[in-house]
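Novice: Sharing final.cif, mmCIF, C-alpha atoms:
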data_my_file
loop_
_atom_site.group_PDB
_atom_site.id
_atom_site.type_symbol
_atom_site.label_atom_id
_atom_site.label_comp_id
_atom_site.auth_asym_id
_atom_site.auth_seq_id
_atom_site.Cartn_x
_atom_site.Cartn_y
_atom_site.Cartn_z
ATOM 1 C CA MET A 14 54.595 -1.716 127.446
ATOM 2 C CA LYS A 15 55.469 1.257 125.305
ATOM 3 C CA SER A 16 54.877 4.837 126.442
ATOM 4 C CA CYS A 17 51.848 6.559 125.014
ATOM 5 C CA PHE A 18 52.373 8.701 121.939
ATOM 6 C CA CYS A 19 50.679 11.636 123.703
ATOM 7 C CA GLY A 20 53.700 12.189 125.941
ATOM 8 C CA SER A 21 51.917 11.552 129.233
ATOM 9 C CA GLY A 22 54.576 9.053 130.298
ATOM 10 C CA ASN A 23 51.902 6.405 130.855
ATOM 11 C CA PRO A 24 51.743 3.156 128.881
ATOM 12 C CA PHE A 25 49.711 3.424 125.657
ATOM 13 C CA GLU A 26 47.555 0.469 126.743
ATOM 14 C CA VAL A 27 46.216 2.356 129.786
ATOM 15 C CA CYS A 28 46.464 5.913 128.461
ATOM 16 C CA CYS A 29 45.010 6.693 125.019
ATOM 17 C CA GLU A 30 44.331 3.220 123.632
ATOM 18 C CA PRO A 31 41.097 2.734 125.673
ATOM 19 C CA PHE A 32 39.796 6.057 124.314
ATOM 20 C CA LEU A 33 40.631 5.088 120.739
ATOM 21 C CA GLN A 34 38.939 1.715 121.195
ATOM 22 C CA GLY A 35 35.852 3.291 122.758
ATOM 23 C CA THR A 36 36.127 1.457 126.079
ATOM 24 C CA LYS A 37 36.668 4.726 127.993
ATOM 25 C CA ILE A 38 35.846 8.368 127.340
ATOM 26 C CA PRO A 39 38.141 11.312 128.104
ATOM 27 C CA LEU A 40 37.071 13.100 131.290
ATOM 28 C CA PHE A 41 38.872 16.363 130.534
ATOM 29 C CA PRO A 42 39.631 18.412 127.406
ATOM 30 C CA GLU A 43 43.361 17.748 127.796
ATOM 31 C CA GLN A 44 42.747 13.984 127.740
ATOM 32 C CA LEU A 45 40.660 14.359 124.593
ATOM 33 C CA MET A 46 43.302 16.513 122.926
ATOM 34 C CA ARG A 47 46.050 14.032 123.830
ATOM 35 C CA SER A 48 43.973 11.131 122.516
ATOM 36 C CA ARG A 49 43.267 13.028 119.296
ATOM 37 C CA TYR A 50 47.008 13.581 118.778
ATOM 38 C CA THR A 51 47.512 9.857 119.340
ATOM 39 C CA ALA A 52 44.765 9.153 116.802
ATOM 40 C CA TYR A 53 46.823 11.031 114.207
ATOM 41 C CA VAL A 54 49.874 8.958 115.123
ATOM 42 C CA VAL A 55 48.022 5.634 114.765
ATOM 43 C CA GLN A 56 45.936 6.939 111.830
ATOM 44 C CA ASN A 57 42.521 6.511 113.457
ATOM 45 C CA ALA A 58 40.462 8.957 111.380
ATOM 46 C CA SER A 59 37.162 7.586 112.698
ATOM 47 C CA TYR A 60 38.083 8.601 116.240
ATOM 48 C CA LEU A 61 39.082 12.073 115.076
ATOM 49 C CA LEU A 62 35.803 12.572 113.254
ATOM 50 C CA ASN A 63 33.701 11.112 116.086
ATOM 51 C CA THR A 64 35.339 13.384 118.672
ATOM 52 C CA THR A 65 34.723 16.500 116.577
ATOM 53 C CA HIS A 66 31.633 18.404 117.638
ATOM 54 C CA VAL A 67 28.647 17.599 115.426
ATOM 55 C CA SER A 68 28.341 21.273 114.433
ATOM 56 C CA GLN A 69 31.824 21.106 112.871
ATOM 57 C CA ARG A 70 31.909 17.629 111.297
ATOM 58 C CA LYS A 71 30.711 18.837 107.909
ATOM 59 C CA LEU A 72 34.003 20.747 107.633
ATOM 60 C CA TYR A 73 36.043 17.538 107.759
ATOM 61 C CA SER A 74 36.407 14.476 105.573
ATOM 62 C CA LYS A 75 37.491 11.118 106.985
ATOM 63 C CA ASN A 76 39.591 10.525 103.867
ATOM 64 C CA GLU A 77 41.335 13.904 104.158
ATOM 65 C CA ILE A 78 42.027 13.356 107.861
ATOM 66 C CA LEU A 79 43.525 9.958 107.107
ATOM 67 C CA LYS A 80 45.554 11.329 104.208
ATOM 68 C CA TRP A 81 47.063 14.052 106.425
ATOM 69 C CA ALA A 82 47.735 11.607 109.274
ATOM 70 C CA LYS A 83 49.561 9.225 106.919
ATOM 71 C CA ALA A 84 51.495 11.964 105.124
ATOM 72 C CA ASN A 85 53.270 13.077 108.278
ATOM 73 C CA THR A 86 55.568 11.458 110.807
ATOM 74 C CA TRP A 87 54.399 12.470 114.263
ATOM 75 C CA VAL A 88 57.300 13.199 116.607
ATOM 76 C CA LYS A 89 55.942 14.547 119.900
ATOM 77 C CA LEU A 90 53.226 16.517 121.631
ATOM 78 C CA GLU A 91 53.811 19.422 123.992
ATOM 79 C CA VAL A 92 50.883 20.675 126.063
ATOM 80 C CA ILE A 93 51.493 24.330 126.816
ATOM 81 C CA ARG A 94 48.366 25.105 128.809
ATOM 82 C CA ALA A 95 45.095 23.396 129.643
ATOM 83 C CA ASP A 96 42.432 25.624 131.144
ATOM 84 C CA LYS A 97 38.773 24.600 131.419
ATOM 85 C CA ALA A 98 37.623 24.047 127.818
ATOM 86 C CA ILE A 99 40.770 25.349 126.086
ATOM 87 C CA VAL A 100 44.014 23.476 125.469
ATOM 88 C CA GLU A 101 47.061 25.074 123.877
ATOM 89 C CA PHE A 102 49.583 22.671 122.408
ATOM 90 C CA LYS A 103 52.361 22.132 119.904
ATOM 91 C CA ALA A 104 52.442 18.988 117.791
ATOM 92 C CA TYR A 105 55.851 18.332 116.264
ATOM 93 C CA TYR A 106 56.020 16.333 113.054
ATOM 94 C CA LEU A 107 57.948 15.730 109.853
ATOM 95 C CA ASP A 108 56.066 16.574 106.674
ATOM 96 C CA GLU A 109 56.076 14.552 103.439
ATOM 97 C CA ARG A 110 59.541 15.885 102.598
ATOM 98 C CA LEU A 111 60.753 15.003 106.118
ATOM 99 C CA GLN A 112 61.004 18.691 106.992
ATOM 100 C CA PRO A 113 60.349 19.476 110.683
ATOM 101 C CA GLN A 114 57.066 21.262 111.317
ATOM 102 C CA ILE A 115 55.205 22.526 114.380
ATOM 103 C CA HIS A 116 51.433 22.701 114.563
ATOM 104 C CA HIS A 117 50.743 25.279 117.320
ATOM 105 C CA GLU A 118 47.081 25.503 118.247
ATOM 106 C CA LYS A 119 44.776 26.734 120.973
ATOM 107 C CA SER A 120 41.840 24.312 120.777
ATOM 108 C CA THR A 121 38.337 24.837 122.100
ATOM 109 C CA PHE A 122 36.326 21.917 123.428
ATOM 110 C CA LYS A 123 32.684 21.535 124.419
ATOM 111 C CA GLN A 124 31.043 19.005 126.694
ATOM 112 C CA GLU A 125 27.674 17.526 125.777
ATOM 113 C CA ALA A 126 25.891 14.635 127.470
ATOM 114 C CA GLY A 127 29.000 13.886 129.534
ATOM 115 C CA LYS A 128 31.346 13.705 126.516
ATOM 116 C CA TRP A 129 33.956 16.209 125.376
ATOM 117 C CA PHE A 130 34.247 17.218 121.719
ATOM 118 C CA TYR A 131 36.741 19.265 119.710
ATOM 119 C CA VAL A 132 35.060 22.403 118.352
ATOM 120 C CA ASP A 133 37.777 24.478 116.686
ATOM 121 C CA GLY A 134 41.242 25.881 117.046
ATOM 122 C CA GLN A 135 43.189 29.083 116.738
ATOM 123 C CA PHE A 136 46.478 28.505 114.936
ATOM 124 C CA TYR A 137 49.757 30.316 115.618
#
Please lay out the structure from this file as structure tokens.
Specialist:
Amino acid sequence: MKSCFCGSGNPFEVCCEPFLQGTKIPLFPEQLMRSRYTAYVVQNASYLLNTTHVSQRKLYSKNEILKWAKANTWVKLEVIRADKAIVEFKAYYLDERLQPQIHHEKSTFKQEAGKWFYVDGQFY
């Protein structure tokens, strides 16, 4: 079993894969954020769109999400802080020119009907 891409140290098969397959739902914003990072790694644009809050989905395109996920090589995720409905993280990746990049974001999540959704993020 390989370790999950999200950096939890748990096997992918019991960590983020059940979320991506829809057999489990994330119970906390940090789990959702980690699974969304993993969705970029495995290029699961449907999961990313479906876990975005309905009020924000019109701002995103499945094709553009997939294009960005494929264009980059995802290296690692660092969770800086997870507090209630806010998760601050750094996603390390190599861009199309294989230049190292860091996506530093403080994400806001909202729970509705027992499910967590990504709302928006503040970038640093």
Novice: Please provide the set of residues having any atom within 7 Å of stretch 88-97 of chain A, restricted to all atoms listed in the file, with same-chain residues fewer than 4 positions apart removed, written as a list in words.
Specialist: Cys19, Gly20, Glu43, Glu101, Phe102, Lys103, Ala104, Tyr105 and Tyr106 of chain A
Novice: From the list A:Asn23, A:Asn63, A:Thr86, A:Gln69, which residue is nearest A:Ile115 when using only C-alpha atoms?
Specialist: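 The closest residue to A:Ile115 is A:Thr86.
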Novice: So which residues get picked by the PyMOL selection byres ((chain A and resi 46) around 9) here, written as a list in words?
Specialist: Cys19, Pro39, Phe41, Pro42, Glu43, Gln44, Leu45, Arg47, Ser48, Arg49, Tyr50, Thr51, Val100, Phe102, Ser120, Phe122 and Tyr131 of chain A
Novice: Would you translate the PyMOL selection byres ((chain A and resi 76) around 12) into the concrete set of residues it matches in this file, as a PyMOL selection string?
Specialist: chain A and resi 56-59+61-62+73-75+77-83
Novice: Work out how far apart atom CA of A:Asn85 and atom CA of A:Ala52 are and give it in Å to one decimal.
Specialist: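 One can read the atom CA of A:Asn85 to atom CA of A:Ala52 distance as 12.7 Å.
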Novice: For atom CA of A:Val54 and atom CA of A:Gln124, quote the distance in Å rounded to one decimal.
Specialist: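 Rounded to one decimal, the two atoms are 24.3 Å apart.
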Novice: For the point (59.5, 13.1, 103.5) in file coordinates, what residues are within 12 Å, counting all atoms listed in the file? Give the answer as a list in words?
Specialist: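 Those residues lying close to the given coordinates are Lys83, Ala84, Asn85, Thr86, Trp87, Tyr106, Leu107, Asp108, Glu109, Arg110, Leu111, Gln112, Pro113 and Gln114 of chain A.
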Novice: What does the structure give for the distance between atom CA of A:Ser68 and atom CA of A:Glu125, in Å to one decimal?
Specialist: 12.0 Å
Novice: Restricting the calculation to all atoms listed in the file, which member of A:Leu72, A:Leu33, A:Ile38, A:Ile99 is positioned closest to A:Trp129?
Specialist: A:Ile38
Novice: Counting all atoms listed in the file, figure out which residue out of A:Gly22, A:Thr65, A:Arg70, A:Tyr137 gets nearest to A:Thr121.
Specialist: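 Of A:Gly22, A:Thr65, A:Arg70, A:Tyr137, the one nearest A:Thr121, counting all atoms listed in the file, is A:Thr65.
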Novice: From the list A:Asp133, A:Ala98, A:His116, A:Ser16, which residue is nearest A:Leu40 when using only C-alpha atoms?
Specialist: A:Ala98
Novice: Return as AutoDock Vina command-line options the centre and edge lengths, in Å with one decimal, of the box along x, y and z that encloses every atom of stretch 90-104 of chain A in the file, padded by 8 Å per side.
Specialist:
--center_x 45.7 --center_y 21.1 --center_z 124.6 --size_x 32.2 --size_y 25.1 --size_z 29.6
Novice: Just checking: using only C-alpha atoms, which residue out of A:Tyr53, A:Lys71, A:Gly35, A:His66 ends up closest to A:Ala126?
Specialist: A:His66
Novice: Counting all atoms listed in the file, what is within 10 Å of A:Glu26, bar same-chain residues fewer than 6 positions away, as a count of residues only?
Specialist: 5
